[in-house]
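**Student:** Contents of data_12.tsv (TSV, C-alpha atoms) are below:
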chain	number	residue	atom	x	y	z
A	1	MET	CA	-83.74	40.47	-111.72
A	2	ARG	CA	-82.50	36.86	-111.46
A	3	GLY	CA	-78.89	38.01	-111.75
A	4	ALA	CA	-79.43	40.73	-109.17
A	5	LEU	CA	-80.94	38.24	-106.74
A	6	LEU	CA	-78.07	35.81	-107.16
A	7	THR	CA	-75.53	38.61	-106.69
A	8	ALA	CA	-77.28	39.92	-103.60
A	9	ALA	CA	-77.58	36.47	-102.05
A	10	GLY	CA	-73.97	35.63	-102.89
A	11	LEU	CA	-72.57	38.84	-101.43
A	12	ALA	CA	-74.62	38.50	-98.26
A	13	LEU	CA	-73.68	34.86	-97.70
A	14	ALA	CA	-70.02	35.59	-98.44
A	15	ALA	CA	-70.07	38.26	-95.77
A	16	LEU	CA	-71.62	35.84	-93.31
A	17	SER	CA	-69.14	33.08	-94.03
A	18	ALA	CA	-66.24	35.52	-93.70
A	19	GLY	CA	-67.43	36.51	-90.26
A	20	CYS	CA	-68.28	40.07	-91.25
A	21	SER	CA	-70.63	41.95	-88.99
A	22	PRO	CA	-74.01	42.70	-90.53
A	23	THR	CA	-74.85	46.31	-91.26
A	24	TYR	CA	-77.61	46.25	-88.66
A	25	ILE	CA	-79.36	43.56	-86.63
A	26	TYR	CA	-82.90	44.35	-85.61
A	27	ASN	CA	-83.98	44.15	-82.01
A	28	PRO	CA	-87.08	41.94	-81.71
A	29	ALA	CA	-89.09	44.99	-80.63
A	30	ASN	CA	-88.72	46.42	-84.14
A	31	TYR	CA	-90.36	43.61	-86.13
A	32	ALA	CA	-93.68	45.44	-86.16
A	33	LYS	CA	-91.97	48.44	-87.76
A	34	GLU	CA	-90.45	46.45	-90.63
A	35	TYR	CA	-91.61	47.33	-94.14
A	36	ASP	CA	-94.73	45.39	-95.16
A	37	PRO	CA	-95.33	45.54	-98.94
A	38	ARG	CA	-99.02	44.73	-98.42
A	39	LYS	CA	-99.51	48.13	-96.82
A	40	HIS	CA	-97.92	50.15	-99.62
A	41	GLU	CA	-98.61	50.77	-103.27
A	42	TYR	CA	-97.11	48.11	-105.49
A	43	VAL	CA	-93.60	48.82	-106.79
A	44	ILE	CA	-93.15	47.93	-110.46
A	45	GLY	CA	-90.27	45.67	-111.40
A	46	VAL	CA	-88.61	44.03	-114.39
A	47	GLY	CA	-90.89	41.54	-116.13
A	48	ASP	CA	-94.14	43.11	-114.96
A	49	GLN	CA	-96.89	43.71	-117.50
A	50	LEU	CA	-98.56	47.12	-117.55
A	51	ARG	CA	-101.67	48.50	-119.20
A	52	VAL	CA	-101.48	52.23	-119.90
A	53	ASN	CA	-104.75	53.82	-120.96
A	54	VAL	CA	-105.20	57.40	-122.15
A	55	TRP	CA	-108.92	58.13	-122.09
A	56	ARG	CA	-110.41	58.91	-125.51
A	57	MET	CA	-107.00	58.43	-127.14
A	58	GLY	CA	-106.76	54.80	-128.07
A	59	ASP	CA	-103.71	55.32	-130.27
A	60	LEU	CA	-101.74	56.43	-127.20
A	61	SER	CA	-102.92	53.52	-125.04
A	62	SER	CA	-100.96	50.29	-124.98
A	63	ASP	CA	-99.86	47.19	-123.09
A	64	ALA	CA	-96.21	47.29	-122.09
A	65	LEU	CA	-93.74	44.76	-120.70
A	66	VAL	CA	-91.08	46.12	-118.35
A	67	ARG	CA	-87.80	45.18	-120.02
A	68	ALA	CA	-84.62	44.00	-118.30
A	69	ASP	CA	-83.38	47.61	-118.21
A	70	GLY	CA	-86.51	48.68	-116.31
A	71	VAL	CA	-87.95	50.56	-119.30
A	72	ILE	CA	-91.22	50.46	-121.24
A	73	THR	CA	-91.77	51.96	-124.68
A	74	MET	CA	-94.86	54.09	-125.22
A	75	PRO	CA	-96.39	55.49	-128.41
A	76	LEU	CA	-95.31	59.05	-129.15
A	77	ILE	CA	-93.12	59.57	-126.08
A	78	GLY	CA	-90.79	56.57	-126.46
A	79	ASP	CA	-88.86	54.98	-123.60
A	80	VAL	CA	-89.90	55.56	-120.00
A	81	HIS	CA	-88.06	54.11	-116.99
A	82	VAL	CA	-90.62	52.55	-114.65
A	83	ALA	CA	-88.83	49.91	-112.54
A	84	GLY	CA	-88.71	50.88	-108.89
A	85	LYS	CA	-91.67	53.24	-109.25
A	86	THR	CA	-95.31	52.88	-108.23
A	87	PRO	CA	-98.16	53.06	-110.78
A	88	THR	CA	-99.03	56.50	-109.40
A	89	GLN	CA	-95.49	57.75	-110.01
A	90	VAL	CA	-95.47	56.30	-113.53
A	91	ARG	CA	-98.83	57.91	-114.26
A	92	GLU	CA	-97.51	61.32	-113.20
A	93	GLU	CA	-94.40	60.85	-115.34
A	94	LEU	CA	-96.48	59.87	-118.37
A	95	LYS	CA	-98.80	62.81	-117.79
A	96	ARG	CA	-95.84	65.18	-117.76
A	97	ARG	CA	-94.27	63.64	-120.86
A	98	LEU	CA	-97.52	63.53	-122.82
A	99	SER	CA	-98.36	67.14	-121.97
A	100	GLU	CA	-95.66	68.16	-124.43
A	101	PHE	CA	-97.70	66.64	-127.26
A	102	VAL	CA	-101.29	66.49	-126.01
A	103	LYS	CA	-102.90	69.75	-124.91
A	104	ASP	CA	-106.26	68.21	-124.01
A	105	GLU	CA	-106.47	68.64	-120.24
A	106	THR	CA	-109.33	66.13	-120.06
A	107	ALA	CA	-107.05	63.29	-121.19
A	108	VAL	CA	-107.04	61.02	-118.14
A	109	ILE	CA	-104.18	58.53	-117.84
A	110	THR	CA	-104.42	55.27	-115.90
A	111	VAL	CA	-101.62	52.78	-115.23
A	112	ALA	CA	-102.59	49.25	-114.20
A	113	VAL	CA	-100.34	46.32	-113.36
A	114	THR	CA	-101.89	43.42	-115.27
A	115	GLY	CA	-99.13	40.86	-114.74
A	116	ILE	CA	-96.84	40.48	-111.72
A	117	ASN	CA	-93.57	38.79	-112.66
A	118	SER	CA	-90.97	40.70	-110.65
A	119	TYR	CA	-91.79	39.43	-107.15
A	120	ARG	CA	-88.88	37.06	-106.61
A	121	PHE	CA	-86.89	36.03	-103.55
A	122	VAL	CA	-84.15	33.56	-102.57
A	123	VAL	CA	-84.32	30.73	-100.05
A	124	SER	CA	-80.85	29.32	-99.34
A	125	GLY	CA	-78.96	27.19	-96.86
A	126	ASN	CA	-80.30	24.10	-95.12
A	127	VAL	CA	-83.64	23.67	-96.85
A	128	ALA	CA	-84.96	20.89	-99.06
A	129	ARG	CA	-84.95	22.92	-102.29
A	130	ALA	CA	-82.81	26.05	-102.19
A	131	GLY	CA	-83.27	28.46	-105.07
A	132	ILE	CA	-84.96	31.53	-106.51
A	133	TYR	CA	-88.73	31.60	-106.12
A	134	ALA	CA	-91.40	33.74	-107.73
A	135	SER	CA	-94.95	34.42	-106.65
A	136	ASN	CA	-98.00	36.35	-107.83
A	137	TYR	CA	-98.83	37.26	-104.23
A	138	PHE	CA	-96.83	38.45	-101.23
A	139	VAL	CA	-95.17	35.68	-99.23
A	140	SER	CA	-94.12	35.53	-95.57
A	141	VAL	CA	-90.93	33.92	-94.23
A	142	SER	CA	-92.77	30.75	-93.22
A	143	GLU	CA	-94.50	30.53	-96.60
A	144	ALA	CA	-91.17	30.97	-98.40
A	145	LEU	CA	-89.69	28.14	-96.35
A	146	ALA	CA	-92.68	25.95	-97.18
A	147	LEU	CA	-92.19	26.64	-100.90
A	148	ALA	CA	-88.58	25.49	-100.47
A	149	GLY	CA	-89.69	22.24	-98.88
A	150	GLY	CA	-88.96	23.38	-95.34
A	151	PRO	CA	-85.77	23.27	-93.26
A	152	ASN	CA	-83.80	20.04	-93.55
A	153	GLN	CA	-82.43	17.89	-90.71
A	154	PHE	CA	-79.26	19.97	-90.45
A	155	ALA	CA	-81.02	23.34	-90.14
A	156	SER	CA	-80.65	25.67	-87.16
A	157	THR	CA	-84.22	26.90	-87.31
A	158	GLU	CA	-83.80	29.30	-84.39
A	159	GLN	CA	-81.02	31.21	-86.20
A	160	ILE	CA	-82.54	31.98	-89.60
A	161	LEU	CA	-81.63	35.30	-91.20
A	162	LEU	CA	-83.78	37.45	-93.44
A	163	ILE	CA	-81.21	39.30	-95.57
A	164	ARG	CA	-82.60	42.50	-97.01
A	165	MET	CA	-80.79	44.85	-99.39
A	166	ASP	CA	-81.88	48.44	-98.87
A	167	SER	CA	-79.46	49.84	-101.43
A	168	PRO	CA	-76.77	48.31	-103.68
A	169	GLY	CA	-74.17	46.63	-101.50
A	170	LYS	CA	-75.87	47.52	-98.22
A	171	PHE	CA	-77.62	44.67	-96.42
A	172	ARG	CA	-79.59	44.35	-93.23
A	173	HIS	CA	-79.70	41.01	-91.41
A	174	ILE	CA	-82.91	40.39	-89.52
A	175	PRO	CA	-82.83	37.40	-87.13
A	176	ILE	CA	-85.77	35.01	-87.44
A	177	ASN	CA	-86.60	32.22	-85.01
A	178	TYR	CA	-88.72	29.80	-87.03
A	179	ASP	CA	-89.54	27.74	-83.94
A	180	ASP	CA	-91.14	30.79	-82.34
A	181	ILE	CA	-93.18	31.38	-85.50
A	182	ALA	CA	-94.34	27.77	-85.73
A	183	SER	CA	-95.35	27.71	-82.06
A	184	ARG	CA	-97.07	31.10	-82.41
A	185	LYS	CA	-94.88	32.37	-79.58
A	186	ARG	CA	-93.54	35.23	-81.71
A	187	PRO	CA	-95.75	35.45	-84.83
A	188	GLU	CA	-94.53	38.99	-85.55
A	189	GLN	CA	-91.26	37.47	-86.79
A	190	ASP	CA	-93.09	35.96	-89.76
A	191	LEU	CA	-92.32	39.02	-91.88
A	192	VAL	CA	-93.66	39.50	-95.39
A	193	LEU	CA	-90.86	39.42	-97.95
A	194	LYS	CA	-89.95	42.24	-100.27
A	195	ALA	CA	-88.84	41.47	-103.80
A	196	GLY	CA	-85.15	40.64	-103.69
A	197	ASP	CA	-85.07	39.34	-100.10
A	198	THR	CA	-83.05	36.27	-99.12
A	199	VAL	CA	-84.09	33.81	-96.40
A	200	PHE	CA	-80.94	32.05	-95.19
A	201	VAL	CA	-81.22	28.91	-93.06
A	202	PRO	CA	-77.88	28.04	-91.39
Could you write out this structure as C-alpha coordinates?
**Tutor:**
Amino acid sequence: MRGALLTAAGLALAALSAGCSPTYIYNPANYAKEYDPRKHEYVIGVGDQLRVNVWRMGDLSSDALVRADGVITMPLIGDVHVAGKTPTQVREELKRRLSEFVKDETAVITVAVTGINSYRFVVSGNVARAGIYASNYFVSVSEALALAGGPNQFASTEQILLIRMDSPGKFRHIPINYDDIASRKRPEQDLVLKAGDTVFVP
(Lines of atoms letter the chains of each structure in order from A and count residues from 1; the text may use other names and numbers.)
(Lines give C-alpha, C1' and ligand atoms only; values in the text may rest on other atoms or scores of the structure.)
Protein backbone atom coordinates (compact mmCIF):
# COMPACT_ATOMS: atom_id res chain seq x y z
CA MET A 1 0.00 0.00 0.00
CA ARG A 2 2.84 2.43 0.83
CA GLY A 3 4.43 1.83 -2.58
CA ALA A 4 1.10 2.28 -4.33
CA LEU A 5 0.49 5.56 -2.54
CA LEU A 6 3.92 6.89 -3.44
CA THR A 7 3.47 5.85 -7.07
CA ALA A 8 0.02 7.42 -7.28
CA ALA A 9 1.19 10.66 -5.69
CA GLY A 10 4.29 10.79 -7.88
CA LEU A 11 2.39 10.21 -11.11
CA ALA A 12 -0.24 12.79 -10.23
CA LEU A 13 2.27 15.45 -9.24
CA ALA A 14 4.38 14.74 -12.33
CA ALA A 15 1.34 15.32 -14.48
CA LEU A 16 0.64 18.59 -12.70
CA SER A 17 4.21 19.84 -13.03
CA ALA A 18 4.25 18.92 -16.71
CA GLY A 19 1.17 21.02 -17.30
CA CYS A 20 -1.03 18.06 -18.19
CA SER A 21 -4.76 18.57 -17.97
CA PRO A 22 -6.44 16.60 -15.21
CA THR A 23 -8.80 13.84 -16.22
CA TYR A 24 -11.75 15.73 -14.75
CA ILE A 25 -12.17 18.79 -12.54
CA TYR A 26 -15.28 18.85 -10.43
CA ASN A 27 -17.65 21.77 -10.53
CA PRO A 28 -18.27 23.05 -6.99
CA ALA A 29 -21.92 21.96 -7.30
CA ASN A 30 -20.79 18.33 -7.30
CA TYR A 31 -19.00 18.23 -3.94
CA ALA A 32 -22.10 16.85 -2.23
CA LYS A 33 -22.11 13.95 -4.69
CA GLU A 34 -18.50 12.93 -4.01
CA TYR A 35 -17.94 9.48 -2.51
CA ASP A 36 -18.07 9.54 1.30
CA PRO A 37 -16.59 6.34 2.82
CA ARG A 38 -18.55 6.93 6.04
CA LYS A 39 -21.77 6.19 4.17
CA HIS A 40 -20.64 2.88 2.68
CA GLU A 41 -19.56 -0.48 3.98
CA TYR A 42 -15.88 -0.59 4.84
CA VAL A 43 -13.57 -1.76 2.04
CA ILE A 44 -10.87 -4.15 3.24
CA GLY A 45 -7.27 -3.34 2.40
CA VAL A 46 -3.74 -4.65 2.82
CA GLY A 47 -2.66 -4.79 6.46
CA ASP A 48 -6.17 -5.04 7.89
CA GLN A 49 -6.88 -7.67 10.52
CA LEU A 50 -9.96 -9.86 10.08
CA ARG A 51 -11.81 -12.26 12.33
CA VAL A 52 -13.65 -14.99 10.44
CA ASN A 53 -16.04 -17.05 12.52
CA VAL A 54 -17.91 -20.14 11.36
CA TRP A 55 -20.60 -20.84 13.93
CA ARG A 56 -20.22 -24.18 15.73
CA MET A 57 -17.06 -24.93 13.74
CA GLY A 58 -14.19 -23.53 15.72
CA ASP A 59 -11.57 -25.35 13.67
CA LEU A 60 -12.66 -23.35 10.60
CA SER A 61 -12.67 -20.01 12.43
CA SER A 62 -9.53 -17.90 12.54
CA ASP A 63 -7.93 -14.47 12.72
CA ALA A 64 -6.33 -13.41 9.46
CA LEU A 65 -4.01 -10.60 8.40
CA VAL A 66 -4.47 -9.28 4.87
CA ARG A 67 -1.08 -9.79 3.23
CA ALA A 68 0.67 -7.44 0.80
CA ASP A 69 -0.88 -9.38 -2.10
CA GLY A 70 -4.38 -8.74 -0.72
CA VAL A 71 -4.87 -12.38 0.32
CA ILE A 72 -5.75 -14.16 3.56
CA THR A 73 -5.25 -17.85 4.23
CA MET A 74 -8.13 -19.80 5.74
CA PRO A 75 -8.27 -23.32 7.18
CA LEU A 76 -9.45 -25.92 4.67
CA ILE A 77 -10.05 -23.56 1.74
CA GLY A 78 -6.60 -21.91 1.57
CA ASP A 79 -5.94 -18.51 0.01
CA VAL A 80 -8.76 -16.03 -0.53
CA HIS A 81 -8.31 -12.60 -2.13
CA VAL A 82 -10.07 -10.01 0.04
CA ALA A 83 -8.45 -6.62 -0.63
CA GLY A 84 -10.85 -4.23 -2.32
CA LYS A 85 -13.89 -6.16 -1.08
CA THR A 86 -16.36 -5.44 1.71
CA PRO A 87 -16.86 -7.84 4.65
CA THR A 88 -20.21 -8.82 3.13
CA GLN A 89 -18.56 -9.74 -0.17
CA VAL A 90 -15.85 -11.73 1.62
CA ARG A 91 -18.47 -13.54 3.67
CA GLU A 92 -20.34 -14.58 0.52
CA GLU A 93 -17.10 -15.76 -1.09
CA LEU A 94 -16.18 -17.80 1.98
CA LYS A 95 -19.68 -19.26 2.13
CA ARG A 96 -19.40 -20.36 -1.49
CA ARG A 97 -15.92 -21.83 -1.02
CA LEU A 98 -16.79 -23.62 2.22
CA SER A 99 -19.95 -25.13 0.75
CA GLU A 100 -17.71 -27.48 -1.22
CA PHE A 101 -16.54 -29.04 2.05
CA VAL A 102 -19.23 -28.25 4.62
CA LYS A 103 -22.76 -29.41 3.88
CA ASP A 104 -24.28 -28.07 7.10
CA GLU A 105 -26.60 -25.30 5.92
CA THR A 106 -26.84 -23.93 9.47
CA ALA A 107 -23.15 -22.98 9.47
CA VAL A 108 -23.30 -19.19 9.75
CA ILE A 109 -20.21 -17.25 8.68
CA THR A 110 -19.33 -13.80 10.00
CA VAL A 111 -16.47 -11.56 8.87
CA ALA A 112 -15.39 -8.75 11.19
CA VAL A 113 -12.66 -6.16 10.68
CA THR A 114 -10.82 -6.13 14.01
CA GLY A 115 -7.86 -3.97 12.98
CA ILE A 116 -7.81 -1.12 10.46
CA ASN A 117 -4.34 -0.61 9.01
CA SER A 118 -4.99 0.12 5.34
CA TYR A 119 -6.50 3.61 5.62
CA ARG A 120 -3.57 5.68 4.38
CA PHE A 121 -3.31 8.93 2.42
CA VAL A 122 -0.66 11.39 1.24
CA VAL A 123 -0.30 15.07 2.11
CA SER A 124 2.27 16.77 -0.13
CA GLY A 125 3.44 20.17 -1.26
CA ASN A 126 3.67 23.27 0.92
CA VAL A 127 2.83 21.84 4.32
CA ALA A 128 4.90 21.57 7.48
CA ARG A 129 5.29 17.78 7.37
CA ALA A 130 4.59 16.21 3.99
CA GLY A 131 4.30 12.44 3.95
CA ILE A 132 2.13 9.34 4.12
CA TYR A 133 -0.36 9.29 6.98
CA ALA A 134 -2.45 6.51 8.47
CA SER A 135 -5.53 6.68 10.63
CA ASN A 136 -7.95 4.34 12.40
CA TYR A 137 -10.84 6.64 11.52
CA PHE A 138 -11.92 8.52 8.41
CA VAL A 139 -10.25 11.90 7.94
CA SER A 140 -11.40 15.03 6.10
CA VAL A 141 -9.20 17.32 4.00
CA SER A 142 -8.85 19.84 6.83
CA GLU A 143 -8.01 17.10 9.33
CA ALA A 144 -5.38 15.67 6.97
CA LEU A 145 -3.79 19.11 6.66
CA ALA A 146 -3.80 19.47 10.45
CA LEU A 147 -2.02 16.11 10.79
CA ALA A 148 0.62 17.44 8.39
CA GLY A 149 1.15 20.53 10.50
CA GLY A 150 -0.93 22.77 8.28
CA PRO A 151 -0.03 24.79 5.17
CA ASN A 152 3.28 26.61 5.37
CA GLN A 153 3.98 30.28 4.57
CA PHE A 154 4.44 29.54 0.87
CA ALA A 155 1.15 27.67 0.41
CA SER A 156 -1.60 28.74 -1.98
CA THR A 157 -4.40 27.59 0.27
CA GLU A 158 -7.13 28.57 -2.19
CA GLN A 159 -5.73 26.24 -4.88
CA ILE A 160 -5.37 22.91 -3.05
CA LEU A 161 -6.06 19.75 -5.05
CA LEU A 162 -7.53 16.50 -3.80
CA ILE A 163 -6.05 13.93 -6.18
CA ARG A 164 -8.12 10.77 -6.32
CA MET A 165 -7.27 7.63 -8.30
CA ASP A 166 -10.41 5.85 -9.46
CA SER A 167 -8.52 3.18 -11.37
CA PRO A 168 -4.82 2.49 -12.05
CA GLY A 169 -3.35 5.45 -13.90
CA LYS A 170 -6.60 7.43 -13.97
CA PHE A 171 -6.79 10.40 -11.62
CA ARG A 172 -9.40 12.99 -10.82
CA HIS A 173 -8.34 16.41 -9.52
CA ILE A 174 -10.84 18.01 -7.19
CA PRO A 175 -10.16 21.70 -6.40
CA ILE A 176 -10.28 22.60 -2.70
CA ASN A 177 -10.29 26.13 -1.30
CA TYR A 178 -9.02 25.73 2.26
CA ASP A 179 -9.81 29.36 3.08
CA ASP A 180 -13.48 28.72 2.29
CA ILE A 181 -13.44 25.65 4.54
CA ALA A 182 -11.78 27.49 7.43
CA SER A 183 -14.22 30.39 7.18
CA ARG A 184 -17.17 27.98 6.88
CA LYS A 185 -18.10 29.71 3.63
CA ARG A 186 -17.97 26.42 1.69
CA PRO A 187 -17.83 23.60 4.26
CA GLU A 188 -18.92 21.04 1.64
CA GLN A 189 -15.40 21.22 0.20
CA ASP A 190 -14.04 19.55 3.33
CA LEU A 191 -14.38 16.11 1.74
CA VAL A 192 -13.68 12.89 3.60
CA LEU A 193 -10.65 11.11 2.16
CA LYS A 194 -10.67 7.66 0.64
CA ALA A 195 -7.72 5.37 1.21
CA GLY A 196 -5.06 6.26 -1.34
CA ASP A 197 -6.05 9.92 -1.78
CA THR A 198 -3.45 12.68 -2.08
CA VAL A 199 -3.94 16.22 -0.76
CA PHE A 200 -1.59 18.50 -2.72
CA VAL A 201 -0.91 22.03 -1.48
CA PRO A 202 0.76 24.18 -4.19
**Student:** Quote the spacing between atom CA of Tyr119 of chain A and atom CA of Gly150 of chain A in Å to one decimal place.
**Tutor:**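 Atom CA of Tyr119 of chain A sits 20.1 Å away from atom CA of Gly150 of chain A.
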**Student:** Within 12 Å of (-77.2, 22.1, -87.5) (file coordinates; all atoms listed in the file), which protein or nucleic acid residues are there? I'd like them as a PyMOL selection string.
**Tutor:** chain A and resi 125-127+151-160+201-202
**Student:** Which is closest to Arg51 of chain A among A:Val113, A:Val102, A:Leu76, A:Val71, if we use all atoms listed in the file?
**Tutor:**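 That would be A:Val113, the residue with the smallest distance to Arg51 of chain A.
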**Student:** Report, as JSON, the axis-aligned box around all atoms of segment 169-184 of chain A present in the file, extended by 4 Å on each side; give centre and edge lengths in Å to one decimal place.
**Tutor:**
{"center_x": -85.6, "center_y": 37.6, "center_z": -91.8, "size_x": 30.9, "size_y": 27.8, "size_z": 27.4}
**Student:** List as a PyMOL selection string the residues having at least one atom at most 12 Å from position (-84.4, 37.5, -94.2) as given in the file, counting all atoms listed in the file.
**Tutor:** chain A and resi 9+12-13+25-26+31+34+121-125+140-142+144-145+159-165+171-178+189-202
**Student:** Could you tell me how far atom CA of Glu188 of chain A lies from atom CA of Ala134 of chain A, in Å and to one decimal?
**Tutor:**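 Rounded to one decimal, the two atoms are 23.0 Å apart.
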**Student:** Return the single residue from A:Asp59, A:Asp166, A:Asp48, A:Asp69 that is closest to Tyr35 of chain A, with distances computed using all atoms listed in the file.
**Tutor:**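 Counting all atoms listed in the file, the residue closest to Tyr35 of chain A is A:Asp166.
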**Student:** Report the distance between atom CA of Ser61 of chain A and atom CA of Thr110 of chain A in Å, rounded to one decimal place.
**Tutor:**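 Computed distance, atom CA of Ser61 of chain A to atom CA of Thr110 of chain A, equals 9.4 Å.
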**Student:** Choose the residue, out of A:Glu100, A:Asp63, A:Asp180, A:Glu92, that has the smallest atom-to-atom separation from Gly115 of chain A; count only C-alpha atoms.
**Tutor:**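 Once distances to Gly115 of chain A are computed over only C-alpha atoms, the minimum belongs to A:Asp63.
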**Student:** Can you tell me, as a PyMOL selection string, what residues are no more than 8 Å from Ser118 of chain A when counting all atoms listed in the file, ignoring any on the same chain fewer than 2 positions away?
**Tutor:** chain A and resi 1+44-48+116+120+134+195
